[in-house]
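Novice: If it helps, the file is called start_9.cif and holds mmCIF, N, CA and C atoms:
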```cif
data_final
#
loop_
_atom_site.label_atom_id
_atom_site.label_comp_id
_atom_site.auth_asym_id
_atom_site.auth_seq_id
_atom_site.Cartn_x
_atom_site.Cartn_y
_atom_site.Cartn_z
N MET E 2 -0.53 -14.98 -38.06
CA MET E 2 -0.09 -14.54 -36.76
C MET E 2 -0.81 -15.34 -35.68
N LEU E 3 -0.09 -15.73 -34.66
CA LEU E 3 -0.68 -16.47 -33.55
C LEU E 3 -1.58 -15.55 -32.74
N ASP E 4 -2.69 -16.10 -32.28
CA ASP E 4 -3.60 -15.33 -31.44
C ASP E 4 -3.26 -15.59 -29.98
N ILE E 5 -2.53 -14.68 -29.41
CA ILE E 5 -2.15 -14.78 -28.00
C ILE E 5 -2.60 -13.51 -27.27
N ALA E 6 -3.81 -13.07 -27.57
CA ALA E 6 -4.31 -11.81 -27.04
C ALA E 6 -4.43 -11.81 -25.52
N ILE E 7 -4.85 -12.92 -24.94
CA ILE E 7 -5.05 -12.97 -23.49
C ILE E 7 -3.72 -12.93 -22.76
N THR E 8 -2.76 -13.72 -23.22
CA THR E 8 -1.42 -13.67 -22.62
C THR E 8 -0.80 -12.29 -22.81
N SER E 9 -1.00 -11.70 -23.96
CA SER E 9 -0.47 -10.35 -24.22
C SER E 9 -1.08 -9.33 -23.26
N LEU E 10 -2.38 -9.43 -23.05
CA LEU E 10 -3.05 -8.52 -22.13
C LEU E 10 -2.49 -8.66 -20.71
N PHE E 11 -2.40 -9.88 -20.22
CA PHE E 11 -1.88 -10.09 -18.87
C PHE E 11 -0.41 -9.71 -18.76
N SER E 12 0.37 -9.97 -19.80
CA SER E 12 1.78 -9.56 -19.79
C SER E 12 1.89 -8.05 -19.65
N THR E 13 1.04 -7.33 -20.34
CA THR E 13 1.02 -5.87 -20.25
C THR E 13 0.65 -5.42 -18.84
N LEU E 14 -0.38 -6.04 -18.26
CA LEU E 14 -0.80 -5.68 -16.91
C LEU E 14 0.32 -5.95 -15.89
N PHE E 15 1.02 -7.07 -16.06
CA PHE E 15 2.11 -7.39 -15.15
C PHE E 15 3.29 -6.42 -15.34
N ALA E 16 3.57 -6.03 -16.56
CA ALA E 16 4.64 -5.06 -16.80
C ALA E 16 4.30 -3.73 -16.11
N LEU E 17 3.05 -3.32 -16.22
CA LEU E 17 2.62 -2.07 -15.59
C LEU E 17 2.63 -2.18 -14.06
N THR E 18 2.41 -3.37 -13.54
CA THR E 18 2.45 -3.58 -12.09
C THR E 18 3.88 -3.59 -11.58
N LEU E 19 4.79 -4.12 -12.39
CA LEU E 19 6.19 -4.18 -11.97
C LEU E 19 6.83 -2.80 -11.91
N LEU E 20 6.40 -1.88 -12.74
CA LEU E 20 7.01 -0.55 -12.77
C LEU E 20 7.00 0.14 -11.40
N PRO E 21 5.85 0.29 -10.74
CA PRO E 21 5.90 0.96 -9.43
C PRO E 21 6.67 0.17 -8.38
N LEU E 22 6.63 -1.15 -8.45
CA LEU E 22 7.41 -1.95 -7.50
C LEU E 22 8.90 -1.66 -7.65
N THR E 23 9.36 -1.50 -8.88
CA THR E 23 10.76 -1.23 -9.15
C THR E 23 11.13 0.21 -8.81
N ILE E 24 10.27 1.13 -9.20
CA ILE E 24 10.54 2.56 -8.97
C ILE E 24 10.63 2.86 -7.48
N GLN E 25 9.73 2.26 -6.69
CA GLN E 25 9.77 2.56 -5.25
C GLN E 25 11.04 2.05 -4.59
N VAL E 26 11.60 0.96 -5.09
CA VAL E 26 12.89 0.49 -4.56
C VAL E 26 13.98 1.50 -4.91
N GLY E 27 14.02 1.92 -6.15
CA GLY E 27 15.03 2.88 -6.58
C GLY E 27 14.95 4.21 -5.84
N LEU E 28 13.74 4.71 -5.67
CA LEU E 28 13.58 5.98 -4.96
C LEU E 28 14.05 5.89 -3.51
N LEU E 29 13.73 4.78 -2.85
CA LEU E 29 14.17 4.62 -1.47
C LEU E 29 15.68 4.44 -1.39
N ARG E 30 16.26 3.78 -2.38
CA ARG E 30 17.73 3.65 -2.42
C ARG E 30 18.38 5.04 -2.50
N LEU E 31 17.82 5.92 -3.32
CA LEU E 31 18.37 7.27 -3.43
C LEU E 31 18.22 8.03 -2.11
N LYS E 32 17.07 7.89 -1.49
CA LYS E 32 16.80 8.60 -0.23
C LYS E 32 17.71 8.12 0.89
N THR E 33 17.91 6.81 0.99
CA THR E 33 18.71 6.25 2.08
C THR E 33 20.18 6.11 1.75
N GLU E 34 20.52 6.28 0.47
CA GLU E 34 21.88 6.08 -0.03
C GLU E 34 22.39 4.66 0.23
N ILE E 35 21.45 3.71 0.18
CA ILE E 35 21.80 2.28 0.27
C ILE E 35 21.69 1.74 -1.16
N TYR E 36 22.82 1.48 -1.76
CA TYR E 36 22.82 1.12 -3.18
C TYR E 36 23.00 -0.36 -3.45
N PHE E 37 23.26 -1.13 -2.39
CA PHE E 37 23.38 -2.58 -2.54
C PHE E 37 22.78 -3.23 -1.31
N GLY E 38 22.02 -4.30 -1.53
CA GLY E 38 21.37 -4.96 -0.40
C GLY E 38 20.31 -4.07 0.20
N ASP E 39 20.03 -4.29 1.49
CA ASP E 39 19.01 -3.46 2.13
C ASP E 39 19.55 -2.66 3.31
N GLY E 40 20.84 -2.83 3.64
CA GLY E 40 21.46 -2.06 4.71
C GLY E 40 20.73 -2.15 6.03
N ALA E 41 20.03 -3.25 6.28
CA ALA E 41 19.23 -3.46 7.50
C ALA E 41 18.09 -2.46 7.62
N ASP E 42 17.72 -1.82 6.53
CA ASP E 42 16.58 -0.91 6.51
C ASP E 42 15.33 -1.75 6.20
N MET E 43 14.43 -1.87 7.16
CA MET E 43 13.27 -2.76 7.00
C MET E 43 12.34 -2.31 5.88
N GLN E 44 12.20 -1.02 5.69
CA GLN E 44 11.33 -0.55 4.61
C GLN E 44 11.92 -0.94 3.25
N LEU E 45 13.22 -0.79 3.11
CA LEU E 45 13.86 -1.19 1.86
C LEU E 45 13.80 -2.71 1.69
N ALA E 46 13.98 -3.45 2.77
CA ALA E 46 13.89 -4.91 2.71
C ALA E 46 12.50 -5.34 2.24
N ARG E 47 11.45 -4.70 2.75
CA ARG E 47 10.08 -5.05 2.34
C ARG E 47 9.84 -4.70 0.87
N ARG E 48 10.31 -3.53 0.46
CA ARG E 48 10.13 -3.14 -0.94
C ARG E 48 10.87 -4.09 -1.88
N ARG E 49 12.09 -4.45 -1.50
CA ARG E 49 12.86 -5.39 -2.32
C ARG E 49 12.16 -6.75 -2.37
N ALA E 50 11.61 -7.18 -1.23
CA ALA E 50 10.93 -8.48 -1.19
C ALA E 50 9.70 -8.46 -2.08
N ALA E 51 8.93 -7.37 -2.05
CA ALA E 51 7.74 -7.28 -2.89
C ALA E 51 8.12 -7.37 -4.37
N GLN E 52 9.17 -6.66 -4.74
CA GLN E 52 9.62 -6.68 -6.14
C GLN E 52 10.17 -8.05 -6.52
N SER E 53 11.04 -8.61 -5.69
CA SER E 53 11.68 -9.87 -6.07
C SER E 53 10.70 -11.04 -6.06
N ASN E 54 9.76 -11.04 -5.12
CA ASN E 54 8.74 -12.09 -5.13
C ASN E 54 7.91 -12.03 -6.41
N PHE E 55 7.58 -10.83 -6.83
CA PHE E 55 6.83 -10.63 -8.07
C PHE E 55 7.61 -11.20 -9.25
N VAL E 56 8.89 -10.86 -9.32
CA VAL E 56 9.74 -11.30 -10.43
C VAL E 56 10.00 -12.80 -10.39
N GLN E 57 9.98 -13.40 -9.22
CA GLN E 57 10.22 -14.84 -9.11
C GLN E 57 9.09 -15.67 -9.70
N TYR E 58 7.87 -15.21 -9.55
CA TYR E 58 6.73 -16.03 -9.95
C TYR E 58 6.12 -15.66 -11.30
N VAL E 59 6.09 -14.38 -11.63
CA VAL E 59 5.33 -13.93 -12.80
C VAL E 59 5.87 -14.47 -14.14
N PRO E 60 7.17 -14.43 -14.41
CA PRO E 60 7.61 -14.89 -15.73
C PRO E 60 7.23 -16.34 -16.05
N PHE E 61 7.46 -17.26 -15.12
CA PHE E 61 7.12 -18.65 -15.39
C PHE E 61 5.61 -18.84 -15.51
N ALA E 62 4.86 -18.13 -14.68
CA ALA E 62 3.40 -18.22 -14.76
C ALA E 62 2.89 -17.72 -16.11
N LEU E 63 3.49 -16.63 -16.62
CA LEU E 63 3.09 -16.14 -17.93
C LEU E 63 3.48 -17.12 -19.04
N PHE E 64 4.60 -17.79 -18.86
CA PHE E 64 5.00 -18.82 -19.83
C PHE E 64 3.96 -19.95 -19.84
N LEU E 65 3.53 -20.38 -18.66
CA LEU E 65 2.48 -21.40 -18.59
C LEU E 65 1.18 -20.92 -19.22
N LEU E 66 0.83 -19.66 -18.97
CA LEU E 66 -0.38 -19.08 -19.57
C LEU E 66 -0.26 -19.09 -21.10
N LEU E 67 0.90 -18.73 -21.60
CA LEU E 67 1.12 -18.75 -23.05
C LEU E 67 0.98 -20.17 -23.61
N LEU E 68 1.57 -21.15 -22.94
CA LEU E 68 1.41 -22.54 -23.40
C LEU E 68 -0.05 -22.95 -23.40
N CYS E 69 -0.78 -22.54 -22.39
CA CYS E 69 -2.22 -22.84 -22.34
C CYS E 69 -2.96 -22.19 -23.51
N GLU E 70 -2.63 -20.94 -23.77
CA GLU E 70 -3.31 -20.24 -24.87
C GLU E 70 -2.97 -20.89 -26.22
N LEU E 71 -1.72 -21.24 -26.41
CA LEU E 71 -1.31 -21.90 -27.65
C LEU E 71 -1.93 -23.29 -27.77
N SER E 72 -2.25 -23.89 -26.63
CA SER E 72 -2.88 -25.22 -26.62
C SER E 72 -4.40 -25.15 -26.70
N GLU E 73 -4.90 -23.95 -26.92
CA GLU E 73 -6.33 -23.70 -27.11
C GLU E 73 -7.17 -24.04 -25.89
N VAL E 74 -6.62 -23.78 -24.71
CA VAL E 74 -7.42 -23.86 -23.48
C VAL E 74 -8.52 -22.81 -23.61
N PRO E 75 -9.75 -23.11 -23.18
CA PRO E 75 -10.86 -22.15 -23.32
C PRO E 75 -10.51 -20.78 -22.71
N PRO E 76 -10.88 -19.71 -23.41
CA PRO E 76 -10.56 -18.36 -22.95
C PRO E 76 -11.01 -18.05 -21.52
N VAL E 77 -12.14 -18.58 -21.10
CA VAL E 77 -12.60 -18.31 -19.74
C VAL E 77 -11.60 -18.83 -18.71
N TRP E 78 -10.95 -19.95 -19.02
CA TRP E 78 -9.94 -20.50 -18.13
C TRP E 78 -8.65 -19.70 -18.18
N LEU E 79 -8.29 -19.21 -19.36
CA LEU E 79 -7.11 -18.36 -19.48
C LEU E 79 -7.28 -17.09 -18.64
N ILE E 80 -8.47 -16.53 -18.70
CA ILE E 80 -8.75 -15.33 -17.92
C ILE E 80 -8.75 -15.66 -16.43
N ALA E 81 -9.27 -16.81 -16.06
CA ALA E 81 -9.25 -17.22 -14.64
C ALA E 81 -7.82 -17.40 -14.15
N ILE E 82 -6.99 -18.02 -14.96
CA ILE E 82 -5.58 -18.25 -14.59
C ILE E 82 -4.86 -16.91 -14.44
N GLY E 83 -4.99 -16.06 -15.44
CA GLY E 83 -4.32 -14.76 -15.40
C GLY E 83 -4.83 -13.87 -14.27
N SER E 84 -6.13 -13.88 -14.05
CA SER E 84 -6.71 -13.07 -12.98
C SER E 84 -6.29 -13.56 -11.61
N SER E 85 -6.24 -14.86 -11.44
CA SER E 85 -5.79 -15.44 -10.17
C SER E 85 -4.35 -15.02 -9.89
N LEU E 86 -3.52 -15.08 -10.89
CA LEU E 86 -2.12 -14.68 -10.72
C LEU E 86 -2.01 -13.18 -10.43
N LEU E 87 -2.73 -12.37 -11.18
CA LEU E 87 -2.65 -10.92 -10.99
C LEU E 87 -3.15 -10.51 -9.60
N LEU E 88 -4.27 -11.04 -9.19
CA LEU E 88 -4.79 -10.73 -7.86
C LEU E 88 -3.86 -11.26 -6.78
N GLY E 89 -3.36 -12.48 -6.99
CA GLY E 89 -2.46 -13.09 -6.02
C GLY E 89 -1.18 -12.30 -5.83
N ARG E 90 -0.55 -11.91 -6.91
CA ARG E 90 0.70 -11.15 -6.81
C ARG E 90 0.46 -9.75 -6.25
N THR E 91 -0.69 -9.15 -6.59
CA THR E 91 -1.01 -7.82 -6.07
C THR E 91 -1.24 -7.87 -4.56
N LEU E 92 -2.01 -8.85 -4.10
CA LEU E 92 -2.26 -8.99 -2.66
C LEU E 92 -0.95 -9.26 -1.91
N HIS E 93 -0.14 -10.13 -2.44
CA HIS E 93 1.11 -10.48 -1.80
C HIS E 93 2.01 -9.25 -1.67
N ALA E 94 2.17 -8.51 -2.76
CA ALA E 94 3.02 -7.31 -2.73
C ALA E 94 2.43 -6.26 -1.78
N TRP E 95 1.13 -6.05 -1.84
CA TRP E 95 0.48 -5.07 -0.97
C TRP E 95 0.73 -5.40 0.49
N CYS E 96 0.62 -6.67 0.85
CA CYS E 96 0.84 -7.07 2.23
C CYS E 96 2.28 -6.83 2.65
N LEU E 97 3.23 -7.14 1.79
CA LEU E 97 4.64 -6.90 2.11
C LEU E 97 4.93 -5.41 2.28
N LEU E 98 4.26 -4.59 1.50
CA LEU E 98 4.54 -3.15 1.52
C LEU E 98 3.83 -2.40 2.64
N THR E 99 2.72 -2.93 3.13
CA THR E 99 1.92 -2.18 4.09
C THR E 99 1.93 -2.76 5.50
N SER E 100 2.64 -3.83 5.70
CA SER E 100 2.65 -4.45 7.03
C SER E 100 4.00 -5.11 7.25
N GLU E 101 4.06 -5.89 8.28
CA GLU E 101 5.28 -6.65 8.56
C GLU E 101 5.42 -7.85 7.61
N GLY E 102 4.50 -7.98 6.69
CA GLY E 102 4.55 -9.10 5.75
C GLY E 102 3.75 -10.30 6.20
N LEU E 103 3.11 -10.16 7.34
CA LEU E 103 2.28 -11.24 7.85
C LEU E 103 0.82 -10.88 7.64
N GLY E 104 0.00 -11.87 7.52
CA GLY E 104 -1.42 -11.59 7.42
C GLY E 104 -2.12 -12.43 6.39
N ASN E 105 -3.43 -12.33 6.45
CA ASN E 105 -4.27 -13.12 5.56
C ASN E 105 -4.09 -12.72 4.09
N ALA E 106 -3.88 -11.45 3.83
CA ALA E 106 -3.74 -11.01 2.44
C ALA E 106 -2.55 -11.67 1.77
N ARG E 107 -1.46 -11.79 2.49
CA ARG E 107 -0.28 -12.43 1.92
C ARG E 107 -0.54 -13.91 1.67
N ALA E 108 -1.20 -14.58 2.62
CA ALA E 108 -1.51 -16.00 2.45
C ALA E 108 -2.47 -16.21 1.29
N VAL E 109 -3.48 -15.37 1.19
CA VAL E 109 -4.43 -15.48 0.07
C VAL E 109 -3.71 -15.20 -1.25
N GLY E 110 -2.83 -14.21 -1.24
CA GLY E 110 -2.05 -13.91 -2.44
C GLY E 110 -1.22 -15.09 -2.90
N MET E 111 -0.58 -15.74 -1.96
CA MET E 111 0.23 -16.91 -2.31
C MET E 111 -0.66 -18.06 -2.79
N PHE E 112 -1.80 -18.25 -2.13
CA PHE E 112 -2.74 -19.29 -2.56
C PHE E 112 -3.19 -19.06 -4.00
N LEU E 113 -3.56 -17.81 -4.32
CA LEU E 113 -4.03 -17.49 -5.67
C LEU E 113 -2.91 -17.68 -6.70
N THR E 114 -1.70 -17.32 -6.32
CA THR E 114 -0.56 -17.52 -7.22
C THR E 114 -0.37 -19.01 -7.51
N LEU E 115 -0.35 -19.81 -6.45
CA LEU E 115 -0.18 -21.26 -6.64
C LEU E 115 -1.37 -21.87 -7.38
N ALA E 116 -2.56 -21.33 -7.15
CA ALA E 116 -3.75 -21.81 -7.88
C ALA E 116 -3.58 -21.58 -9.38
N SER E 117 -2.98 -20.46 -9.76
CA SER E 117 -2.78 -20.21 -11.20
C SER E 117 -1.81 -21.23 -11.80
N PHE E 118 -0.77 -21.59 -11.03
CA PHE E 118 0.15 -22.62 -11.49
C PHE E 118 -0.57 -23.97 -11.63
N LEU E 119 -1.36 -24.30 -10.64
CA LEU E 119 -2.07 -25.58 -10.65
C LEU E 119 -3.08 -25.65 -11.80
N MET E 120 -3.83 -24.57 -12.02
CA MET E 120 -4.79 -24.55 -13.13
C MET E 120 -4.07 -24.71 -14.47
N SER E 121 -2.97 -23.99 -14.65
CA SER E 121 -2.21 -24.09 -15.91
C SER E 121 -1.69 -25.51 -16.12
N ALA E 122 -1.08 -26.06 -15.08
CA ALA E 122 -0.52 -27.41 -15.19
C ALA E 122 -1.61 -28.43 -15.47
N ALA E 123 -2.74 -28.30 -14.79
CA ALA E 123 -3.84 -29.25 -15.00
C ALA E 123 -4.34 -29.19 -16.43
N TRP E 124 -4.56 -27.98 -16.94
CA TRP E 124 -5.03 -27.87 -18.31
C TRP E 124 -4.02 -28.41 -19.32
N LEU E 125 -2.76 -28.13 -19.10
CA LEU E 125 -1.74 -28.63 -20.03
C LEU E 125 -1.67 -30.15 -20.01
N LEU E 126 -1.83 -30.74 -18.83
CA LEU E 126 -1.88 -32.21 -18.75
C LEU E 126 -3.11 -32.76 -19.45
N ILE E 127 -4.24 -32.12 -19.25
CA ILE E 127 -5.49 -32.57 -19.87
C ILE E 127 -5.38 -32.49 -21.40
N VAL E 128 -4.91 -31.35 -21.88
CA VAL E 128 -4.86 -31.11 -23.33
C VAL E 128 -3.84 -32.02 -24.01
N HIS E 129 -2.74 -32.27 -23.33
CA HIS E 129 -1.65 -33.01 -24.00
C HIS E 129 -1.47 -34.44 -23.53
N ALA E 130 -2.32 -34.92 -22.65
CA ALA E 130 -2.19 -36.30 -22.13
C ALA E 130 -2.25 -37.33 -23.24
N GLU E 131 -3.09 -37.11 -24.22
CA GLU E 131 -3.23 -38.09 -25.29
C GLU E 131 -1.99 -38.19 -26.16
N HIS E 132 -1.18 -37.14 -26.18
CA HIS E 132 0.04 -37.15 -27.00
C HIS E 132 1.21 -37.84 -26.29
N VAL E 133 1.08 -38.01 -24.97
CA VAL E 133 2.16 -38.60 -24.18
C VAL E 133 2.12 -40.11 -24.28
N THR E 134 0.94 -40.67 -24.38
CA THR E 134 0.81 -42.13 -24.40
C THR E 134 1.04 -42.72 -25.76
#
```
Would you give me this structure, written as structure tokens?
Specialist:
Amino acid sequence: MLDIAITSLFSTLFALTLLPLTIQVGLLRLKTEIYFGDGADMQLARRRAAQSNFVQYVPFALFLLLLCELSEVPPVWLIAIGSSLLLGRTLHAWCLLTSEGLGNARAVGMFLTLASFLMSAAWLLIVHAEHVT
């Protein structure tokens, strides 16, 4: 069996994080009776944005994390990549849900998300560069 414990752990944490983001959209849809789009309701628009932004970035980032783990990137780096992504997506969603979506938390969240992509890509290039030439 492949040892993908770190990716499995982060996948679980992201699944648990996605649940409340999804549930809060559904609950507000029931309350407002807006079943498609956001109906110009700013609270629903923010909740949808938090959920969709999460879904846009997390799957590919987890795929990169899995490739890194399968490529035997050191565990400390796998944890750094996963933690950067988790903190980044959490900050980004929190900012969208608690404010107008502007602020340092959202910018830091996006920076941490992109940092996880950059760390993954760098490690994959380092590990596999010799096989390309």
Novice: Could you tell me how far atom C of Ser9 (chain E) sits from CA of Glu131 (chain E), in Å to one decimal place?
Specialist: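 Separation of CA of Glu131 (chain E) and atom C of Ser9 (chain E): 28.9 Å.
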Novice: Calculated over all atoms listed in the file, which of the candidates E:Arg47, E:Leu79, E:Asp42, E:Asp4 has the smallest distance to Thr99 (chain E)?
Specialist: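 Looking only at the distances to Thr99 (chain E), the closest residue turns out to be E:Arg47.
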Novice: Kindly assemble as JSON lines a list of the region 40-68 of chain E residues that lie within 8 Å of region 82-94 of chain E, each paired with its nearest atom pair and their distance in Å to one decimal, using all atoms listed in the file, sorted first by chain and then by ascending residue number.
Specialist:
```
{"residue": "E:Ala50", "atom": "C", "partner": "E:Ala94", "partner_atom": "CA", "distance": 6.8}
{"residue": "E:Ala51", "atom": "CA", "partner": "E:Ala94", "partner_atom": "CA", "distance": 4.7}
{"residue": "E:Gln52", "atom": "N", "partner": "E:Ala94", "partner_atom": "CA", "distance": 6.5}
{"residue": "E:Asn54", "atom": "C", "partner": "E:Arg90", "partner_atom": "CA", "distance": 7.3}
{"residue": "E:Phe55", "atom": "CA", "partner": "E:Arg90", "partner_atom": "CA", "distance": 6.3}
{"residue": "E:Val59", "atom": "CA", "partner": "E:Leu86", "partner_atom": "C", "distance": 7.7}
{"residue": "E:Ala62", "atom": "CA", "partner": "E:Leu86", "partner_atom": "CA", "distance": 7.7}
{"residue": "E:Leu63", "atom": "CA", "partner": "E:Gly83", "partner_atom": "CA", "distance": 8.0}
{"residue": "E:Leu66", "atom": "CA", "partner": "E:Gly83", "partner_atom": "N", "distance": 6.9}
```
Novice: Please extract the residues of chain E with a backbone DSSP assignment of helix (DSSP H, G or I) and present them as a PyMOL selection string.
Specialist: chain E and resi 6-33+43-71+76-99+105-133
Novice: What's the separation between atom N of Thr114 (chain E) and atom C of Phe61 (chain E), in Å to one decimal place?
Specialist: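 Between atom N of Thr114 (chain E) and atom C of Phe61 (chain E) the gap is 11.8 Å.
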Novice: State, in Å with one decimal place, the distance from CA of Val77 (chain E) to atom C of Pro60 (chain E).
Specialist: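 Here the two named atoms are 20.3 Å from each other.
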Novice: I'd like to know which of E:Val26, E:Leu113, E:Ala16, E:Leu125 is closest to Leu71 (chain E), using only C-alpha atoms.
Specialist: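 Using only C-alpha atoms, Leu71 (chain E) sits closest to E:Leu125.
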Novice: Around (-1.9, -26.4, -19.7) in the file's own coordinates, what residues are found within 8 Å if you use only N, CA and C atoms, given back as a PyMOL selection string?
Specialist: chain E and resi 65-70+72+74+120-129
Novice: List as a list in words the protein and nucleic acid residues near region 21-24 of chain E, meaning an atom at most 8 Å away when only N, CA and C atoms are counted, but skip any in the same chain fewer than 3 places from it.
Specialist: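 Here the qualifying residues turn out to be Ala16, Leu17, Thr18, Gly27, Leu28, Leu29, Arg30, Arg48, Arg49, Ala51, Gln52 and Ser53 of chain E.
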Novice: Once you add 8 Å to each side, what are the centre and edge lengths of the axis-aligned box holding all listed atoms of region 18-33 of chain E? One decimal in Å, as JSON, if you can.
Specialist:
```
{"center_x": 11.3, "center_y": 2.2, "center_z": -5.7, "size_x": 33.8, "size_y": 28.8, "size_z": 31.6}
```
